[in-house]
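Peer 1: The structure under discussion is supplied below as structure tokens; questions concerning it will follow.
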Amino acid sequence: MRRTKEEAEQTRIKIIDAALVLFSRNGYTNTTLANIATQAGFSRGPIYWNFKNKDELFEAVLSLSQGPLLALTKETRQADGPPLEVLRAFADRWLRLLVEDTRYRQSFEIFLNKTELTNNLDHTLRRERKLTRDLVSVLAEQVARAQQAGDIPRRHGAEELGLLCYTHLMGVTQTWLFSPRLFNLEEEIPFYTERLIELLKL
């Protein structure tokens, strides 16, 4: 029985990996379940055994980027170290995930650059928007801690500066995913991280 469960999980992973490749190459709209089955080396039967439809499989692909960000949000919310260091670690981890985790990077790129956001993806959009709100919220919490400690001036509200953190990181992410040859993200991580901290101190 254990082997059967393990084999079933391996099949699921193989389907997700095939979908990841094709969604990344062709986009959501131009990829069919038949394409994914061929890429994975299966008939469509195993796909329907694991996923109700293409939308559910798409959500599984997106979870490859959502999962690490949810974990980062949880870790940051629980962090009790110096708030500027927590924010610095958040930014560093966000950007390093893009460089070091291929599946995470491809999943992020699919959602940002390879997907037509139609009504069929309403559940996916709601989940992504909630994740965005959670990310901004946890950043704002650390900004508020830094303001209380006197590390960040109170000229702007914590929520406003939390949104600034998010848009800064998303801007770097979107630009690099769209044109990765424009700059070496791995080398520039310290630069973008420190510039964010400097922005918060203005």
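Residue names in the structure tokens use chain letters A, B, ... in the order shown, residue numbers from 1 in each chain, and ligand numbers from 1 in the order shown.
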Taking the DSSP secondary structure from the backbone, can you list the residues of segment 36-140 of chain A that are alpha helix (DSSP H), as JSON, numbers by chain?

Peer 2: {"A": [36, 37, 38, 39, 40, 44, 45, 46, 47, 48, 49, 50, 54, 55, 56, 57, 58, 59, 60, 61, 62, 63, 64, 65, 66, 67, 68, 69, 70, 71, 72, 73, 74, 75, 76, 77, 78, 83, 84, 85, 86, 87, 88, 89, 90, 91, 92, 93, 94, 95, 96, 97, 98, 99, 100, 102, 103, 104, 105, 106, 107, 108, 109, 110, 111, 112, 113, 122, 123, 124, 125, 126, 127, 128, 129, 130, 131, 132, 133, 134, 135, 136, 137, 138, 139, 140]}

Peer 1: Leaving out Gly41 of chain A and any residue of its chain fewer than 5 positions from it, which residues lie within 10 Å of it when counting only C-alpha atoms, given as a list in words?

Peer 2: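 Selected residues are Lys14, Ile15, Ala18, Asn35 and Ile36 of chain A.
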
Peer 1: Within 7 Å of Asp92 of chain A, counting only C-alpha atoms, which residues qualify if same-chain residues fewer than 3 places away don't, as a PDB file with all heavy atoms, in the first residue's frame?

Peer 2:
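Listing of out-v9.pdb after writing:
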ATOM      1  N   ARG A  88      14.838  43.080   5.945  1.00  0.00           N
ATOM      2  CA  ARG A  88      15.972  42.792   5.061  1.00  0.00           C
ATOM      3  C   ARG A  88      15.991  41.299   4.701  1.00  0.00           C
ATOM      4  O   ARG A  88      16.191  40.931   3.534  1.00  0.00           O
ATOM      5  CB  ARG A  88      17.271  43.199   5.759  1.00  0.00           C
ATOM      6  CG  ARG A  88      18.502  43.125   4.883  1.00  0.00           C
ATOM      7  CD  ARG A  88      19.734  43.622   5.613  1.00  0.00           C
ATOM      8  NE  ARG A  88      19.833  45.070   5.577  1.00  0.00           N
ATOM      9  CZ  ARG A  88      19.679  45.868   6.640  1.00  0.00           C
ATOM     10  NH1 ARG A  88      19.370  45.366   7.825  1.00  0.00           N
ATOM     11  NH2 ARG A  88      19.804  47.176   6.516  1.00  0.00           N
ATOM     12  N   ALA A  89      15.751  40.449   5.704  1.00  0.00           N
ATOM     13  CA  ALA A  89      15.732  38.999   5.460  1.00  0.00           C
ATOM     14  C   ALA A  89      14.569  38.610   4.557  1.00  0.00           C
ATOM     15  O   ALA A  89      14.701  37.711   3.716  1.00  0.00           O
ATOM     16  CB  ALA A  89      15.641  38.259   6.793  1.00  0.00           C
ATOM     17  N   LEU A  95      13.864  37.355  -3.143  1.00  0.00           N
ATOM     18  CA  LEU A  95      14.641  37.424  -4.384  1.00  0.00           C
ATOM     19  C   LEU A  95      15.476  36.167  -4.599  1.00  0.00           C
ATOM     20  O   LEU A  95      15.646  35.715  -5.740  1.00  0.00           O
ATOM     21  CB  LEU A  95      15.518  38.672  -4.372  1.00  0.00           C
ATOM     22  CG  LEU A  95      14.740  40.001  -4.332  1.00  0.00           C
ATOM     23  CD1 LEU A  95      15.697  41.178  -4.176  1.00  0.00           C
ATOM     24  CD2 LEU A  95      13.878  40.177  -5.578  1.00  0.00           C
ATOM     25  N   ARG A  96      15.991  35.578  -3.533  1.00  0.00           N
ATOM     26  CA  ARG A  96      16.800  34.364  -3.691  1.00  0.00           C
ATOM     27  C   ARG A  96      15.961  33.169  -4.139  1.00  0.00           C
ATOM     28  O   ARG A  96      16.455  32.285  -4.845  1.00  0.00           O
ATOM     29  CB  ARG A  96      17.553  34.040  -2.403  1.00  0.00           C
ATOM     30  CG  ARG A  96      18.672  35.000  -2.135  1.00  0.00           C
ATOM     31  CD  ARG A  96      19.684  34.574  -1.117  1.00  0.00           C
ATOM     32  NE  ARG A  96      20.612  35.679  -0.903  1.00  0.00           N
ATOM     33  CZ  ARG A  96      21.606  35.983  -1.731  1.00  0.00           C
ATOM     34  NH1 ARG A  96      21.822  35.237  -2.810  1.00  0.00           N
ATOM     35  NH2 ARG A  96      22.393  36.998  -1.481  1.00  0.00           N
ATOM     36  N   ILE A 189      21.037  41.198  -5.669  1.00  0.00           N
ATOM     37  CA  ILE A 189      20.148  41.046  -4.510  1.00  0.00           C
ATOM     38  C   ILE A 189      20.531  41.987  -3.363  1.00  0.00           C
ATOM     39  O   ILE A 189      19.657  42.673  -2.807  1.00  0.00           O
ATOM     40  CB  ILE A 189      20.095  39.580  -4.039  1.00  0.00           C
ATOM     41  CG1 ILE A 189      19.283  38.746  -5.035  1.00  0.00           C
ATOM     42  CG2 ILE A 189      19.467  39.476  -2.636  1.00  0.00           C
ATOM     43  CD1 ILE A 189      19.282  37.258  -4.743  1.00  0.00           C
ATOM     44  N   THR A 193      17.976  44.913  -1.964  1.00  0.00           N
ATOM     45  CA  THR A 193      17.569  44.791  -0.565  1.00  0.00           C
ATOM     46  C   THR A 193      17.911  46.055   0.219  1.00  0.00           C
ATOM     47  O   THR A 193      17.082  46.599   0.954  1.00  0.00           O
ATOM     48  CB  THR A 193      18.250  43.566   0.082  1.00  0.00           C
ATOM     49  OG1 THR A 193      17.860  42.377  -0.620  1.00  0.00           O
ATOM     50  CG2 THR A 193      17.846  43.424   1.541  1.00  0.00           C
TER      51      THR A 193
END

Peer 1: Pick from A:Leu135, A:Leu112, A:Ala8, A:Leu84: nearest to Asp151 of chain A, with only C-alpha atoms counted?

Peer 2: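 Closest residue, counting only C-alpha atoms: A:Leu84.
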
Peer 1: Considering only C-alpha atoms, state which residue in the set A:Ser43, A:Leu70, A:Gln142, A:Glu109 is at the smallest distance from Ser179 of chain A.

Peer 2: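 The shortest atom-to-atom distance to Ser179 of chain A comes from A:Glu109.
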
Peer 1: Counting only C-alpha atoms, what is within 7 Å of segment 21-26 of chain A, bar same-chain residues fewer than 3 positions away, as a list in words?

Peer 2: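 My reading of the contact set: Asp17, Ala18, Asn30, Thr31, Ile36, Gln106, Ile110 and Lys114 of chain A.
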
Peer 1: Applying 8 Å and only C-alpha atoms, which residues near Leu87 of chain A remain after dropping the ones on its own chain fewer than 5 positions away? List them as an NGL selection string.

Peer 2: :A and (139 or 142-143 or 197)

Peer 1: Which residues are near Asn53 of chain A? Cut-off 12 Å, only C-alpha atoms, ignore same chain within fewer than 6 positions. Put them as a count of residues only.

Peer 2: 12
